[in-house]
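Structure record follows, encoded as structure tokens.
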Amino acid sequence: MTRDSAFSWRFVAPLFTGSTINAVNTSLIATALVPVAAAVRVPVGRTAVLVSALYLAGAIAQPTGGKLAEEFGARRVFLTGLLIVLAGGVVGGTGRSLTALVVARTLIGVGSSAVYPSAMLLVRRRAEAAGLTAPPGGVLGGLMLAGSATAALGLPIGGVLADAWGWRTTFLVNLPVALAALVMALLWIPADPPVEGPVTPRQLAARVDVAGIAGFGGAMAALLVFLMELPRPNWTALCLAVLLGAGLVWWELRASRPFIDMRLLRANPALTRTYLRWAVASLCVYTVLYGLTQWLQAERGVSSKEAGLLLLPMSALPVLIVQPISRRNLVRAPLLVSAFCCLAASIGVLSLTRDTPILWVVGITLAVGVTLAATSSANQTTLYAQAPAAQLGTASGLLRTSGFLGSIASTALISLAFHTQVNDDRLHVLALIMVAASVAGLALVLTDRGLTTRADM
């Protein structure tokens with residue numbers, strides 16, 4: 001099997017298509033929150049749960065989906081995830097209450113979160129079958145472009161759909177995409193081998209480490225409750241998150257088949273640094289994605305559609321940049337470029353006022369677009385090379401979870417800064433936090449002697 005035959009367009013098309021669902025849905029609902037609130041007759045503030053529901057589901061389901069793919073077959077989990085997305089699209093498209101829409105967003109989050117780590121595992125096993133000695137950079141670049149760089153597309157797409165056909169289309173749009181990926185996967189991705197190993201419920205629970213998954217899910221849920229309730233801190237939730245997190249570490253160090261291999265993270269600090277870099281970059285990117293959008297609408301009087309269009313450079317640039325970086329399996333140079341661009345964008349936000357020319361805003365979004373493209377492709381390539389092949393599904397899921405943590409932290413910071421009003425001064429508070437995070441991200445790259453020019457398997 002040659003590289004070309006291993007990664008033909010038929011094999012990668014369903015992987016790329018399915019991986020866009022989670023990324024786009026992270027921001028798709030943002031411009032539809034106001035009409036949703038009016039339709040289900042709740043205050044606009046309560047609709048924020050639709051954003052946090054997908055974040056929570058994704059943060060927990062990403063590594064869980066990867067673990068299940070490792071144990072029961074990547075294609076099976078990939079297809080199952082798409083079926084769950086279809087169910088979520090139907091529930092959201094027909095739902096008449098906020099509860100129904102929360103259920104829909106949770107289903108979409110869980111289902112789409114199973115897709116990316118399964119796709120990464122399918123790519124790794126395909127590469128090994130083809131005898132490749134280096135990461136298939138072009139395929140990884142396409143997967144990252146679909147799975148992360150398309151996140152900024154959610155705002156303009158959601159704005160256009162909500163304005164033209166109503167807020168329900170932000171749920172229903174998932175149906176044709178998931179169905180297309182499902183049909184292509186059934187036709188073009190080879191079936192998984194039969195599941196081997198234990199079959200009794202108790203043995204299966206030990207095999208997938210149900211206790212570890214439950215502990216991780218509980219700790220993440222408690223942490224997210226604390227962050228999402230800011231500026232009114234829920235100290236009970238924070239204490240619960242710390243206790244569950246400590247219990248999770250204790251359990252995973254003793255589990256025979258751990259959900260999160262703490263011993264691996266301790267022995268492989270480079271992998272941990274990869275997660276940290278992606279979390280820091282995500283915090284800055286999503287602060288611009290959500291915070292700058294709110295400021296443009298509140299302080300500059302820009303419509304939701306126009307605000308979404310101003311952020312298009314964040315999506316357009318990755319299309320041009322990701323593939324050249326990924327095809328060469330470049331690591332260190334893109335991470336340096338990303339860190340400097342992130343710092344430049346943060347300083348740019350610090351200089352914004354209501355009278356700043358709109359071209360300056362476009363320049364900031366261009367810098368953030370470079371940040372998103374360079375850091376996403378380089379970190380994914382690094383992860384592919386750093387993680388053991390048998391644990392790539394879980395490791396890939398944890399990479400996405402670290403990104404979710406960064407984006408959730410950004411929404412918490414925006415909530416704190418814009419709690420009472422949105423103006424230039426409060427935007428500058430966010431910018432100072434972005435500058436501090438950018439400096440930390442730059443330091444992570446400059447001090448990491450393990451980073452190479454290119455990644456090798």
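Labeling convention for the structure tokens: chains A, B, ... as they appear, residues from 1 per chain, ligands from 1 in order of appearance.
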
Original post:
Which residues come within 12 Å of Ile21 (chain A), counting only C-alpha atoms, excluding same-chain residues fewer than 6 positions away, as a ChimeraX atom specification?
Top reply: /A:14-15,27-28,54,58,81-82,84-86,88-89,105,108-116,143,145-151,153-154,170-181

**OP:** Quick one: everything within 8 Å of Leu311 (chain A), counting only C-alpha atoms, minus sequence neighbours fewer than 6 positions away in the same chain. Send it as a list in words.
**Re:**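 The residues that qualify are Ala152, Pro156, Leu289, Val362 and Thr365 of chain A.
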
Original post:
Looking at A:Gly18, A:Gln391, A:Asp355, A:Thr133, which one is nearest to Gly301 (chain A), with distances taken over only C-alpha atoms?
Top reply: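 The answer is A:Asp355, which sits nearest to Gly301 (chain A).
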
Original post:
Could you pull the residues within 7 Å of Thr452 (chain A), counting only C-alpha atoms, minus those fewer than 3 positions along the same chain, as a ChimeraX atom specification?
Top reply: /A:331-332,455

Export of the given selection (all heavy atoms) as a tab-separated table (two decimals), in the first residue's frame:
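Below you can see out.tsv, which holds the result:
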chain	number	residue	atom	x	y	z
A	331	VAL	N	7.55	21.99	13.16
A	331	VAL	CA	7.12	22.12	14.55
A	331	VAL	C	7.61	23.44	15.17
A	331	VAL	O	6.81	24.31	15.51
A	331	VAL	CB	7.63	20.93	15.39
A	331	VAL	CG1	7.31	21.15	16.87
A	331	VAL	CG2	6.99	19.64	14.91
A	332	ARG	N	8.90	23.58	15.35
A	332	ARG	CA	9.42	24.70	16.14
A	332	ARG	C	9.13	26.06	15.50
A	332	ARG	O	8.65	26.99	16.18
A	332	ARG	CB	10.92	24.54	16.37
A	332	ARG	CG	11.48	25.59	17.31
A	332	ARG	CD	12.93	25.32	17.69
A	332	ARG	NE	13.44	26.35	18.59
A	332	ARG	CZ	13.22	26.39	19.89
A	332	ARG	NH1	12.51	25.44	20.47
A	332	ARG	NH2	13.70	27.37	20.64
A	455	ALA	N	8.88	16.94	12.94
A	455	ALA	CA	8.46	15.80	13.77
A	455	ALA	C	8.70	14.50	13.04
A	455	ALA	O	8.52	14.41	11.82
A	455	ALA	CB	6.98	15.91	14.12

**OP:** Please run DSSP on the backbone and report, as a PyMOL selection string, all residues within region 189-273 of chain A that come out as alpha helix (DSSP H).
**Re:** chain A and resi 201-208+210-228+235-252+262-267+269-273

**OP:** One decimal, Å: what's the distance from CA of Ala378 (chain A) over to CA of Met220 (chain A), could you say?
**Re:** 26.2 Å

**OP:** Give the answer as one residue: which of A:Ala267, A:Leu336, A:Ala74, A:Ala443 has the shortest atom-to-atom distance to Gln386 (chain A), using only C-alpha atoms?
**Re:** A:Ala267

Original post:
Between A:Ala100, A:Val370, A:Met120, A:Met144, which one has atoms that come closest to Gly397 (chain A), using only C-alpha atoms?
Top reply: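 Nearest to Gly397 (chain A): A:Met120.
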
What are the closest atom pairs, with distances in Å to one decimal, for all residues of region 319-409 of chain A lying within 12 Å of region 416-423 of chain A? Consider only C-alpha atoms, order rows by chain and residue number, and present the result as CSV.
residue,atom,partner,partner_atom,distance
A:Leu352,CA,A:Asn423,CA,10.4
A:Thr353,CA,A:Asn423,CA,8.6
A:Arg354,CA,A:Asn423,CA,8.4
A:Ala409,CA,A:Leu416,CA,10.6

Subject >> A:Gly450, A:Pro388, A:Gly142, A:Gly406 ranked by distance to Leu224 (chain A), top pick (using only C-alpha atoms) >> reply: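 Checking each candidate against Leu224 (chain A), we get A:Gly406 as the closest.
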
Original post:
Near Ser118 (chain A), counting only C-alpha atoms, which residues have an atom at most 10 Å away, once you skip same-chain residues fewer than 5 positions from it, shown as a PyMOL selection string?
Top reply: chain A and resi 15+19+62-63+65-70+73-79+81+113+123-124+392-394+396-397

Subject >> Exercise: Met228 (chain A) partners within 12 Å, only C-alpha atoms, chain neighbours under 2 positions left out, as a VMD selection string >> reply: chain A and resid 45 to 46 48 to 53 55 to 56 220 to 226 230 to 234 237 to 238 405 407 to 416
